[in-house]
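Chemist: One structure is given below, represented as structure tokens, and several questions about it will come after.
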Amino acid sequence: MYNTIVPFRLNNTWLGLELKAVKKVDSCGKISIIPNTEAPLAGLMQKNGKIFPIWSLFNLVGGKNTDVNKCLLHIEIEVDGKPIMIPVDEILPVTQKGTGWIPTVKYGLQIFRSLDKKAPQYIDDVEEIQMDHPFQDETPDSFFNIEELQ
């Protein structure tokens, strides 16, 4: 797990976050842009009766804060114990960090940039990945057979 990242695309650039930093991947709701905010804050999103701050990383790839409105997915992370949503264009299954990824620290996050313009190759051997914490939207059936519980 410590050598794995969750790759995501912003515009035509592939970036990644360490798997341990990702709390959840979900669909994006309607985002209200807040004008004149400082990066990375772009706006707010209401989801399941709660309001969440939206961070835009589009400025890292030559985009604008308003680019978050075209995103269908978001990555949930936690900053200072509070959930933050990062809208993205596309998310792929986890991949290994290797020489093809350059790490940088931005907004207190370790973000990796892919040197390759093509989509990263994902790990297809499930046994290679051992998570310390399950994604919050996983169901028990994805970790073991329901028959084992009965």
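Chain labels run A, B, ... following the order of the structure tokens; each chain numbers its residues from 1, and ligands are numbered from 1 in the order shown.
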Just asking: which residues within segment 1-148 of chain A are strand (DSSP E) according to DSSP, as a PyMOL selection string?
Modeler: chain A and resi 4-10+13-18+24-27+31-33+41-47+50-55+73-79+82-88+90-91+95-96+101-106+109-114
Chemist: Per residue of segment 46-80 of chain A within 12 Å of segment 92-116 of chain A, record the nearest atom pair and its distance in Å to one decimal, counting only C-alpha atoms, with rows in chain order and ascending residue number, as a tab-separated table.
Modeler:
residue	atom	partner	partner_atom	distance
A:Trp55	CA	A:Tyr107	CA	9.7
A:Ser56	CA	A:Tyr107	CA	10.6
A:Leu57	CA	A:Lys106	CA	9.3
A:Asn59	CA	A:Lys106	CA	11.1
A:Leu60	CA	A:Lys106	CA	9.1
A:Val61	CA	A:Arg113	CA	9.9
A:Leu73	CA	A:Leu92	CA	11.3
A:Ile75	CA	A:Leu92	CA	11.5
A:Ile77	CA	A:Leu109	CA	9.7
A:Glu78	CA	A:Leu109	CA	10.2
A:Val79	CA	A:Gly108	CA	8.6
A:Asp80	CA	A:Gly108	CA	10.4
Chemist: Calculate how many Å separate atom CA of Phe52 of chain A from atom CA of Lys82 of chain A, rounding to one decimal.
Modeler: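 Computing it gives 9.0 Å between the two atoms.
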Chemist: Can you tell me, as a list in words, what residues are no more than 12 Å from Asn65 of chain A when counting only C-alpha atoms, ignoring any on the same chain fewer than 4 positions away?
Modeler: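 My list of contacting residues is Leu10, Ile31, Ser32, Ile33, Ile34, Pro35, Asn36, Thr37, Glu38, Ala39, Pro40, Leu41, Ala42, Gly43, Leu44, Ile54, Trp55, Ser56, Leu57, Phe58, Asn59, Leu60, Val61, Asn69, Lys70, Cys71, Ile86, Pro87 and Val88 of chain A.
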